[in-house]
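Participant: Structure file final29.cif (mmCIF, C-alpha atoms) right here:
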```cif
data_structure
loop_
_atom_site.group_PDB
_atom_site.id
_atom_site.type_symbol
_atom_site.label_atom_id
_atom_site.label_comp_id
_atom_site.auth_asym_id
_atom_site.auth_seq_id
_atom_site.Cartn_x
_atom_site.Cartn_y
_atom_site.Cartn_z
ATOM 1 C CA MET B 1 4.494 -4.575 4.958
ATOM 2 C CA SER B 2 7.939 -4.937 6.556
ATOM 3 C CA VAL B 3 8.776 -3.772 10.069
ATOM 4 C CA TRP B 4 11.094 -1.126 8.647
ATOM 5 C CA VAL B 5 8.531 0.455 6.345
ATOM 6 C CA ALA B 6 5.693 0.331 8.875
ATOM 7 C CA THR B 7 7.776 1.764 11.712
ATOM 8 C CA ILE B 8 9.358 4.519 9.622
ATOM 9 C CA ARG B 9 5.940 5.545 8.328
ATOM 10 C CA GLN B 10 4.488 5.521 11.837
ATOM 11 C CA GLU B 11 7.323 7.660 13.198
ATOM 12 C CA THR B 12 7.062 10.319 10.497
ATOM 13 C CA VAL B 13 3.265 10.525 10.800
ATOM 14 C CA ALA B 14 3.146 10.541 14.616
ATOM 15 C CA ALA B 15 5.917 13.151 15.000
ATOM 16 C CA ARG B 16 4.023 15.582 12.787
ATOM 17 C CA ARG B 17 1.033 15.433 15.158
ATOM 18 C CA GLU B 18 2.948 16.424 18.294
ATOM 19 C CA ARG B 19 2.550 20.078 19.289
ATOM 20 C CA LEU B 20 5.893 20.685 21.010
ATOM 21 C CA PRO B 21 7.979 19.529 18.015
ATOM 22 C CA GLN B 22 5.763 21.652 15.767
ATOM 23 C CA PHE B 23 6.433 24.726 17.925
ATOM 24 C CA LEU B 24 10.204 24.142 17.983
ATOM 25 C CA LEU B 25 10.173 23.504 14.238
ATOM 26 C CA VAL B 26 8.420 26.822 13.547
ATOM 27 C CA VAL B 27 10.900 28.675 15.772
ATOM 28 C CA PHE B 28 13.855 26.937 14.116
ATOM 29 C CA MET B 29 12.691 27.692 10.578
ATOM 30 C CA ALA B 30 11.930 31.295 11.504
ATOM 31 C CA MET B 31 15.418 31.814 12.923
ATOM 32 C CA ILE B 32 17.045 30.116 9.928
ATOM 33 C CA ALA B 33 15.127 32.472 7.624
ATOM 34 C CA ALA B 34 16.018 35.477 9.779
ATOM 35 C CA SER B 35 19.721 34.616 10.093
ATOM 36 C CA ALA B 36 20.616 35.997 6.661
ATOM 37 C CA PHE B 37 18.776 39.247 7.349
ATOM 38 C CA ILE B 38 20.433 39.554 10.768
ATOM 39 C CA GLY B 39 23.788 39.340 8.989
ATOM 40 C CA SER B 40 22.606 41.874 6.424
ATOM 41 C CA ALA B 41 21.555 44.271 9.194
ATOM 42 C CA ALA B 42 24.979 43.903 10.827
ATOM 43 C CA LYS B 43 26.602 44.666 7.483
ATOM 44 C CA GLY B 44 24.453 47.777 7.075
ATOM 45 C CA THR B 45 25.338 49.043 10.545
ATOM 46 C CA VAL B 46 29.079 48.528 10.050
ATOM 47 C CA THR B 47 28.916 50.152 6.620
ATOM 48 C CA GLU B 48 27.186 53.239 8.042
ATOM 49 C CA VAL B 49 29.831 53.553 10.757
ATOM 50 C CA TYR B 50 32.572 53.097 8.149
ATOM 51 C CA GLN B 51 31.130 55.760 5.852
ATOM 52 C CA GLU B 52 30.858 58.203 8.748
ATOM 53 C CA ALA B 53 34.479 57.525 9.688
ATOM 54 C CA VAL B 54 35.555 58.124 6.067
ATOM 55 C CA ARG B 55 33.656 61.431 5.925
ATOM 56 C CA GLU B 56 35.392 62.596 9.090
ATOM 57 C CA GLY B 57 38.772 61.499 7.768
ATOM 58 C CA LEU B 58 39.302 58.959 10.535
ATOM 59 C CA THR B 59 40.201 56.083 8.210
ATOM 60 C CA SER B 60 41.310 55.370 4.671
ATOM 61 C CA ALA B 61 41.006 51.581 4.937
ATOM 62 C CA PRO B 62 38.602 49.830 2.551
ATOM 63 C CA ASN B 63 35.139 48.807 3.716
ATOM 64 C CA PRO B 64 35.543 45.350 5.333
ATOM 65 C CA PHE B 65 32.218 44.213 3.868
ATOM 66 C CA THR B 66 32.916 44.985 0.207
ATOM 67 C CA THR B 67 34.452 41.579 -0.490
ATOM 68 C CA ILE B 68 32.559 39.513 2.061
ATOM 69 C CA SER B 69 31.437 36.028 1.007
ATOM 70 C CA PRO B 70 27.734 35.084 0.974
ATOM 71 C CA LEU B 71 28.730 32.279 3.351
ATOM 72 C CA TYR B 72 29.043 34.965 6.024
ATOM 73 C CA TYR B 73 25.249 35.165 6.168
ATOM 74 C CA ALA B 74 24.991 31.457 7.031
ATOM 75 C CA ARG B 75 27.230 31.618 10.095
ATOM 76 C CA ASN B 76 24.426 32.337 12.598
ATOM 77 C CA THR B 77 22.588 29.173 11.562
ATOM 78 C CA VAL B 78 25.231 27.211 13.476
ATOM 79 C CA ILE B 79 24.016 28.662 16.780
ATOM 80 C CA TYR B 80 20.371 28.013 15.939
ATOM 81 C CA ILE B 81 21.197 24.386 15.152
ATOM 82 C CA ILE B 82 22.973 23.966 18.485
ATOM 83 C CA LEU B 83 20.319 25.751 20.549
ATOM 84 C CA ILE B 84 16.999 25.021 18.818
ATOM 85 C CA ALA B 85 17.477 22.068 16.469
ATOM 86 C CA ALA B 86 19.204 20.040 19.196
ATOM 87 C CA LEU B 87 16.222 20.579 21.498
ATOM 88 C CA LEU B 88 13.916 19.612 18.636
ATOM 89 C CA ALA B 89 15.929 16.410 18.138
ATOM 90 C CA ILE B 90 15.703 15.569 21.850
ATOM 91 C CA VAL B 91 11.939 16.121 21.913
ATOM 92 C CA ILE B 92 11.354 14.050 18.762
ATOM 93 C CA GLY B 93 13.475 11.204 20.120
ATOM 94 C CA ALA B 94 11.981 11.212 23.620
ATOM 95 C CA GLN B 95 8.389 11.377 22.404
ATOM 96 C CA SER B 96 9.079 8.546 19.969
ATOM 97 C CA THR B 97 9.666 6.007 22.752
ATOM 98 C CA LEU B 98 7.407 7.668 25.332
ATOM 99 C CA ARG B 99 4.526 7.422 22.870
ATOM 100 C CA ASP B 100 4.978 3.650 22.576
ATOM 101 C CA ARG B 101 5.194 3.134 26.329
ATOM 102 C CA ARG B 102 2.182 5.339 26.992
ATOM 103 C CA ALA B 103 0.017 3.496 24.438
ATOM 104 C CA ARG B 104 1.513 0.090 25.389
ATOM 105 C CA THR B 105 2.103 -0.652 21.710
ATOM 106 C CA ILE B 106 5.622 -1.783 22.522
ATOM 107 C CA ASP B 107 4.200 -4.916 24.220
ATOM 108 C CA LEU B 108 2.278 -5.821 21.087
ATOM 109 C CA VAL B 109 5.268 -5.264 18.822
ATOM 110 C CA LEU B 110 7.707 -7.240 20.967
ATOM 111 C CA SER B 111 5.230 -10.105 21.340
ATOM 112 C CA ARG B 112 5.861 -10.833 17.684
ATOM 113 C CA ASP B 113 9.057 -12.139 16.123
ATOM 114 C CA VAL B 114 10.658 -8.675 16.056
ATOM 115 C CA PRO B 115 14.070 -8.208 17.711
ATOM 116 C CA PRO B 116 14.166 -5.086 19.932
ATOM 117 C CA ALA B 117 17.313 -3.844 18.156
ATOM 118 C CA LYS B 118 15.580 -4.057 14.783
ATOM 119 C CA TYR B 119 12.535 -2.194 16.057
ATOM 120 C CA LEU B 120 14.634 0.558 17.636
ATOM 121 C CA ALA B 121 16.759 0.835 14.493
ATOM 122 C CA ALA B 122 13.593 1.316 12.430
ATOM 123 C CA LYS B 123 12.352 3.984 14.849
ATOM 124 C CA LEU B 124 15.710 5.762 14.658
ATOM 125 C CA ALA B 125 15.603 5.551 10.859
ATOM 126 C CA GLY B 126 12.152 7.145 10.866
ATOM 127 C CA THR B 127 13.113 10.004 13.165
ATOM 128 C CA GLY B 128 16.432 10.427 11.351
ATOM 129 C CA LEU B 129 14.651 10.624 8.002
ATOM 130 C CA LEU B 130 12.246 13.227 9.370
ATOM 131 C CA LEU B 131 15.163 15.246 10.739
ATOM 132 C CA LEU B 132 16.956 14.990 7.402
ATOM 133 C CA VAL B 133 13.913 16.411 5.590
ATOM 134 C CA ILE B 134 13.700 19.261 8.100
ATOM 135 C CA LEU B 135 17.376 20.144 7.616
ATOM 136 C CA ALA B 136 17.068 19.901 3.823
ATOM 137 C CA VAL B 137 14.184 22.385 3.868
ATOM 138 C CA ALA B 138 16.125 24.606 6.289
ATOM 139 C CA ALA B 139 19.121 24.585 3.932
ATOM 140 C CA LEU B 140 16.972 25.646 0.981
ATOM 141 C CA VAL B 141 15.335 28.371 3.075
ATOM 142 C CA ASN B 142 18.760 29.587 4.164
ATOM 143 C CA ILE B 143 20.070 29.728 0.596
ATOM 144 C CA ALA B 144 16.939 31.561 -0.599
ATOM 145 C CA CYS B 145 17.156 34.119 2.214
ATOM 146 C CA ILE B 146 20.851 34.698 1.524
ATOM 147 C CA ALA B 147 19.932 35.347 -2.119
ATOM 148 C CA VAL B 148 17.311 37.897 -1.034
ATOM 149 C CA ALA B 149 19.664 39.584 1.462
ATOM 150 C CA THR B 150 22.588 39.839 -0.976
ATOM 151 C CA GLY B 151 20.659 40.330 -4.220
ATOM 152 C CA SER B 152 22.180 37.257 -5.886
ATOM 153 C CA PHE B 153 22.240 33.500 -5.396
ATOM 154 C CA PRO B 154 25.349 31.883 -3.904
ATOM 155 C CA THR B 155 27.608 30.169 -6.413
ATOM 156 C CA PRO B 156 27.277 26.377 -6.772
ATOM 157 C CA ALA B 157 30.419 25.922 -4.665
ATOM 158 C CA GLN B 158 29.053 28.184 -1.931
ATOM 159 C CA ALA B 159 25.657 26.463 -2.017
ATOM 160 C CA ALA B 160 27.449 23.109 -1.712
ATOM 161 C CA ARG B 161 29.206 24.353 1.436
ATOM 162 C CA ILE B 162 25.875 25.423 2.949
ATOM 163 C CA LEU B 163 24.437 21.981 2.164
ATOM 164 C CA ALA B 164 27.543 20.413 3.728
ATOM 165 C CA LEU B 165 26.903 22.500 6.857
ATOM 166 C CA PHE B 166 23.427 21.011 7.211
ATOM 167 C CA GLY B 167 24.755 17.538 6.399
ATOM 168 C CA VAL B 168 27.180 17.766 9.311
ATOM 169 C CA ALA B 169 24.309 19.160 11.390
ATOM 170 C CA TRP B 170 22.386 15.925 10.781
ATOM 171 C CA LEU B 171 25.307 13.887 12.129
ATOM 172 C CA PHE B 172 25.513 16.284 15.080
ATOM 173 C CA LEU B 173 21.790 16.002 15.906
ATOM 174 C CA ILE B 174 21.358 12.211 15.725
ATOM 175 C CA PRO B 175 23.097 11.644 19.105
ATOM 176 C CA PHE B 176 20.530 13.978 20.677
ATOM 177 C CA VAL B 177 17.728 11.977 19.042
ATOM 178 C CA THR B 178 19.119 8.762 20.515
ATOM 179 C CA LEU B 179 19.617 10.471 23.888
ATOM 180 C CA GLY B 180 15.928 11.341 23.926
ATOM 181 C CA MET B 181 14.931 7.840 22.803
ATOM 182 C CA LEU B 182 17.091 6.120 25.407
ATOM 183 C CA ASN B 183 15.790 8.244 28.243
ATOM 184 C CA GLY B 184 12.242 7.753 26.972
ATOM 185 C CA ILE B 185 12.820 4.015 27.318
ATOM 186 C CA ARG B 186 14.295 4.148 30.819
ATOM 187 C CA CYS B 187 12.500 7.049 32.533
ATOM 188 C CA ALA B 188 9.730 6.560 35.092
ATOM 189 C CA THR B 189 7.625 9.578 34.079
ATOM 190 C CA ALA B 190 7.012 11.520 30.886
ATOM 191 C CA THR B 191 8.322 14.697 32.543
ATOM 192 C CA SER B 192 11.691 13.169 33.388
ATOM 193 C CA GLY B 193 11.759 11.695 29.881
ATOM 194 C CA LEU B 194 12.131 15.198 28.494
ATOM 195 C CA LEU B 195 13.892 16.926 31.385
ATOM 196 C CA LEU B 196 16.942 14.680 31.829
ATOM 197 C CA PRO B 197 18.076 14.800 28.156
ATOM 198 C CA ILE B 198 17.818 18.593 28.239
ATOM 199 C CA VAL B 199 20.034 18.640 31.340
ATOM 200 C CA VAL B 200 22.590 16.447 29.541
ATOM 201 C CA TRP B 201 22.376 18.734 26.484
ATOM 202 C CA SER B 202 23.091 21.798 28.632
ATOM 203 C CA ILE B 203 26.112 20.088 30.206
ATOM 204 C CA VAL B 204 27.567 19.044 26.843
ATOM 205 C CA ILE B 205 26.913 22.382 25.137
ATOM 206 C CA PHE B 206 27.624 24.850 27.963
ATOM 207 C CA ILE B 207 29.339 23.268 30.967
ATOM 208 C CA LEU B 208 32.041 21.117 29.360
ATOM 209 C CA PRO B 209 33.457 23.929 27.149
ATOM 210 C CA LEU B 210 33.727 26.238 30.184
ATOM 211 C CA LEU B 211 35.739 23.640 32.114
ATOM 212 C CA GLY B 212 38.539 23.900 29.578
ATOM 213 C CA THR B 213 38.791 27.641 29.038
ATOM 214 C CA ALA B 214 38.895 30.957 30.852
ATOM 215 C CA ALA B 215 36.595 32.522 28.256
ATOM 216 C CA HIS B 216 33.424 34.384 29.222
ATOM 217 C CA PRO B 217 30.296 32.159 29.082
ATOM 218 C CA VAL B 218 28.684 34.499 26.543
ATOM 219 C CA SER B 219 31.437 33.564 24.075
ATOM 220 C CA LEU B 220 29.784 30.147 23.720
ATOM 221 C CA LEU B 221 27.085 31.874 21.647
ATOM 222 C CA ASN B 222 29.711 32.856 19.088
ATOM 223 C CA PRO B 223 29.200 30.771 15.923
ATOM 224 C CA VAL B 224 32.988 30.461 15.590
ATOM 225 C CA SER B 225 34.704 28.434 18.281
ATOM 226 C CA LYS B 226 37.667 30.502 19.453
ATOM 227 C CA SER B 227 39.381 29.329 22.607
ATOM 228 C CA ALA B 228 40.778 31.823 25.051
ATOM 229 C CA PRO B 229 44.448 31.358 25.953
ATOM 230 C CA ALA B 230 44.907 29.076 28.921
ATOM 231 C CA GLU B 231 45.749 30.994 32.082
ATOM 232 C CA SER B 232 46.871 28.039 34.193
ATOM 233 C CA ARG B 233 47.844 24.395 34.043
ATOM 234 C CA PHE B 234 44.358 23.576 35.307
ATOM 235 C CA PHE B 235 42.721 24.942 32.162
ATOM 236 C CA GLU B 236 45.312 23.219 29.978
ATOM 237 C CA LEU B 237 44.515 19.879 31.615
ATOM 238 C CA THR B 238 40.735 20.270 31.624
ATOM 239 C CA SER B 239 40.784 21.483 28.023
ATOM 240 C CA ALA B 240 42.644 18.350 26.960
ATOM 241 C CA LEU B 241 40.119 16.172 28.816
ATOM 242 C CA THR B 242 36.857 17.939 27.942
ATOM 243 C CA GLY B 243 37.716 19.237 24.468
ATOM 244 C CA PRO B 244 36.827 16.020 22.587
ATOM 245 C CA LEU B 245 33.621 15.701 24.653
ATOM 246 C CA SER B 246 32.459 19.249 23.902
ATOM 247 C CA LEU B 247 30.304 18.228 20.961
ATOM 248 C CA GLY B 248 28.946 21.729 20.375
ATOM 249 C CA GLU B 249 32.418 23.254 20.126
ATOM 250 C CA GLN B 250 33.544 20.494 17.769
ATOM 251 C CA PHE B 251 30.517 21.207 15.598
ATOM 252 C CA LYS B 252 31.223 24.954 15.590
ATOM 253 C CA SER B 253 34.883 24.535 14.674
ATOM 254 C CA THR B 254 34.034 22.072 11.872
ATOM 255 C CA THR B 255 31.282 24.195 10.357
ATOM 256 C CA ALA B 256 33.400 27.347 10.625
ATOM 257 C CA LEU B 257 35.979 25.681 8.391
ATOM 258 C CA ILE B 258 33.236 24.537 6.007
ATOM 259 C CA LEU B 259 31.940 28.119 5.766
ATOM 260 C CA GLU B 260 35.506 29.395 5.268
ATOM 261 C CA GLU B 261 35.470 31.650 8.312
ATOM 262 C CA PRO B 262 38.650 33.786 8.437
ATOM 263 C CA GLN B 263 38.982 33.206 12.197
ATOM 264 C CA ALA B 264 38.699 29.414 11.919
ATOM 265 C CA ALA B 265 41.836 27.406 12.539
ATOM 266 C CA GLY B 266 42.846 23.778 12.106
ATOM 267 C CA THR B 267 41.228 21.224 9.834
ATOM 268 C CA ALA B 268 37.644 20.025 9.583
ATOM 269 C CA GLU B 269 38.647 16.343 9.645
ATOM 270 C CA GLY B 270 39.404 16.275 13.389
ATOM 271 C CA GLY B 271 36.068 17.739 14.452
ATOM 272 C CA LEU B 272 34.211 15.609 11.907
ATOM 273 C CA LEU B 273 35.776 12.451 13.340
ATOM 274 C CA VAL B 274 34.632 13.435 16.839
ATOM 275 C CA ILE B 275 31.089 14.052 15.578
ATOM 276 C CA LEU B 276 31.113 10.701 13.767
ATOM 277 C CA GLY B 277 32.368 9.029 16.944
ATOM 278 C CA PHE B 278 29.423 10.437 18.901
ATOM 279 C CA PHE B 279 27.076 9.404 16.070
ATOM 280 C CA ILE B 280 28.263 5.779 16.047
ATOM 281 C CA ALA B 281 28.414 5.462 19.846
ATOM 282 C CA ALA B 282 24.898 6.866 20.238
ATOM 283 C CA CYS B 283 23.443 4.501 17.630
ATOM 284 C CA LEU B 284 25.124 1.488 19.221
ATOM 285 C CA ALA B 285 23.918 2.495 22.694
ATOM 286 C CA LEU B 286 20.345 2.665 21.420
ATOM 287 C CA LEU B 287 20.512 -0.701 19.677
ATOM 288 C CA MET B 288 21.804 -2.328 22.883
ATOM 289 C CA ALA B 289 18.793 -1.195 24.925
ATOM 290 C CA GLY B 290 17.075 -4.246 26.406
ATOM 291 C CA PRO B 291 13.375 -5.081 26.083
ATOM 292 C CA ASN B 292 12.841 -5.083 29.860
ATOM 293 C CA HIS B 293 13.174 -1.301 30.085
ATOM 294 C CA MET B 294 11.019 -0.851 26.988
ATOM 295 C CA ARG B 295 8.122 -2.677 28.672
ATOM 296 C CA ARG B 296 8.246 -0.767 31.958
ATOM 297 C CA GLU B 297 5.025 1.045 32.835
ATOM 298 C CA LEU B 298 5.127 4.809 32.352
ATOM 299 C CA HIS B 299 3.786 6.901 35.251
ATOM 300 C CA GLY B 300 2.400 10.369 34.663
#
```
Show me the file's structure as structure tokens.
Facilitator:
Amino acid sequence: MSVWVATIRQETVAARRERLPQFLLVVFMAMIAASAFIGSAAKGTVTEVYQEAVREGLTSAPNPFTTISPLYYARNTVIYIILIAALLAIVIGAQSTLRDRRARTIDLVLSRDVPPAKYLAAKLAGTGLLLLVILAVAALVNIACIAVATGSFPTPAQAARILALFGVAWLFLIPFVTLGMLNGIRCATATSGLLLPIVVWSIVIFILPLLGTAAHPVSLLNPVSKSAPAESRFFELTSALTGPLSLGEQFKSTTALILEEPQAAGTAEGGLLVILGFFIAACLALLMAGPNHMRRELHG
């Protein structure tokens, strides 16, 4: 059996036995399933308010939800991918390398004629494949729940856009997998192996976007990235510097265009290139990790 096949199989089997990834996976799937019904509830509330306004003669405008696209009900999944799936990716990646260091299996593997880069690439392929399966199931669940909430299945073109959303999500999540793996290789304790990547995640997702805008922090939970107008030269400068590094905002703007959000502006190509840049840089950083760190003893 080749190193690739054995390592990929080991990663997929071992990850399914870990309790924390299982918990995050259940939460993620539950929120993906609920997202369509949350959108449906919002539609029902707005429709009731609209009908009351029509009865009182306060408006003659048409109901804004009469021509809404089924893609509207997929918009909240973007936030759940950024908040929950990214944490799941970090945990899967960190536990992948922490598990080897804790069991000292890395010494046995590297004592053979196996280059460290090849072994790490196989581990990344295994975790990436597992993540791809999770996102594929999440996409199918999302489409099915949208069909239940709306009473009809999305058209093939709309379903393709939802699948494209989860495809971009896979590219978005792989850097967080590699972040967890890299820190799992270099950390001194298992606790810091999980804590430090989560700190980096919070900086990338929450801190960097706020450095380039005067928007309220709560606006970061909006599935559509909509920048507030710059109020000073400081925000203009910081936005130019931190914008490309704000991976979460790039993901939101790209997926908003994929889902044909009316408020979305620009083109999806720019954000997709940034996400691909992070993807490639993260993979290269992992492959360049040296064997000395991989063989360090893990405390705690």
Participant: So that I can check the surroundings of B:Ala61, please list as JSON, numbers by chain every protein, DNA and RNA residue that reaches within 12 Å of it, counting all atoms listed in the file and ignoring chain neighbours fewer than 6 positions away.
Facilitator: {"B": [50, 51, 53, 54]}
Participant: Excluding B:Thr150 and its own-chain neighbours fewer than 4 positions away, which residues fall within 8 Å of it when counting only C-alpha atoms? Please give them as an MDAnalysis selection string.
Facilitator: chainID B and resid 40 70 146
Participant: With only C-alpha atoms as the basis for distance, which of B:Thr105, B:Thr255, B:Ser192, B:Asn76 is at the shortest distance from B:Ser35?
Facilitator: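 Looking only at the distances to B:Ser35, the closest residue turns out to be B:Asn76.
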Participant: List the residues matched by the PyMOL selection byres ((chain B and resi 93-101) around 10) in the displayed structure as an mmCIF file with C-alpha atoms, in the frame of the given file, ordered by chain and then by residue number.
Facilitator:
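New file expr-v6.cif:
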```
data_model
loop_
_atom_site.group_PDB
_atom_site.id
_atom_site.type_symbol
_atom_site.label_atom_id
_atom_site.label_comp_id
_atom_site.auth_asym_id
_atom_site.auth_seq_id
_atom_site.Cartn_x
_atom_site.Cartn_y
_atom_site.Cartn_z
ATOM 1 C CA GLN B 10 4.488 5.521 11.837
ATOM 2 C CA GLU B 11 7.323 7.660 13.198
ATOM 3 C CA THR B 12 7.062 10.319 10.497
ATOM 4 C CA ALA B 14 3.146 10.541 14.616
ATOM 5 C CA ALA B 15 5.917 13.151 15.000
ATOM 6 C CA GLU B 18 2.948 16.424 18.294
ATOM 7 C CA LEU B 20 5.893 20.685 21.010
ATOM 8 C CA PRO B 21 7.979 19.529 18.015
ATOM 9 C CA LEU B 87 16.222 20.579 21.498
ATOM 10 C CA LEU B 88 13.916 19.612 18.636
ATOM 11 C CA ALA B 89 15.929 16.410 18.138
ATOM 12 C CA ILE B 90 15.703 15.569 21.850
ATOM 13 C CA VAL B 91 11.939 16.121 21.913
ATOM 14 C CA ILE B 92 11.354 14.050 18.762
ATOM 15 C CA ARG B 102 2.182 5.339 26.992
ATOM 16 C CA ALA B 103 0.017 3.496 24.438
ATOM 17 C CA ARG B 104 1.513 0.090 25.389
ATOM 18 C CA THR B 105 2.103 -0.652 21.710
ATOM 19 C CA ILE B 106 5.622 -1.783 22.522
ATOM 20 C CA ASP B 107 4.200 -4.916 24.220
ATOM 21 C CA LEU B 108 2.278 -5.821 21.087
ATOM 22 C CA VAL B 109 5.268 -5.264 18.822
ATOM 23 C CA LEU B 120 14.634 0.558 17.636
ATOM 24 C CA LYS B 123 12.352 3.984 14.849
ATOM 25 C CA LEU B 124 15.710 5.762 14.658
ATOM 26 C CA GLY B 126 12.152 7.145 10.866
ATOM 27 C CA THR B 127 13.113 10.004 13.165
ATOM 28 C CA GLY B 128 16.432 10.427 11.351
ATOM 29 C CA ILE B 174 21.358 12.211 15.725
ATOM 30 C CA PRO B 175 23.097 11.644 19.105
ATOM 31 C CA PHE B 176 20.530 13.978 20.677
ATOM 32 C CA VAL B 177 17.728 11.977 19.042
ATOM 33 C CA THR B 178 19.119 8.762 20.515
ATOM 34 C CA LEU B 179 19.617 10.471 23.888
ATOM 35 C CA GLY B 180 15.928 11.341 23.926
ATOM 36 C CA MET B 181 14.931 7.840 22.803
ATOM 37 C CA LEU B 182 17.091 6.120 25.407
ATOM 38 C CA ASN B 183 15.790 8.244 28.243
ATOM 39 C CA GLY B 184 12.242 7.753 26.972
ATOM 40 C CA ILE B 185 12.820 4.015 27.318
ATOM 41 C CA ARG B 186 14.295 4.148 30.819
ATOM 42 C CA CYS B 187 12.500 7.049 32.533
ATOM 43 C CA THR B 189 7.625 9.578 34.079
ATOM 44 C CA ALA B 190 7.012 11.520 30.886
ATOM 45 C CA SER B 192 11.691 13.169 33.388
ATOM 46 C CA GLY B 193 11.759 11.695 29.881
ATOM 47 C CA LEU B 194 12.131 15.198 28.494
ATOM 48 C CA LEU B 195 13.892 16.926 31.385
ATOM 49 C CA PRO B 197 18.076 14.800 28.156
ATOM 50 C CA HIS B 293 13.174 -1.301 30.085
ATOM 51 C CA MET B 294 11.019 -0.851 26.988
ATOM 52 C CA ARG B 295 8.122 -2.677 28.672
ATOM 53 C CA ARG B 296 8.246 -0.767 31.958
ATOM 54 C CA GLU B 297 5.025 1.045 32.835
ATOM 55 C CA LEU B 298 5.127 4.809 32.352
ATOM 56 C CA HIS B 299 3.786 6.901 35.251
#
```
Participant: What is the atom CA of B:Gln250-atom CA of B:Thr155 distance in Å, reported with one decimal?
Facilitator: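 Distance reported for this atom pair: 26.7 Å.
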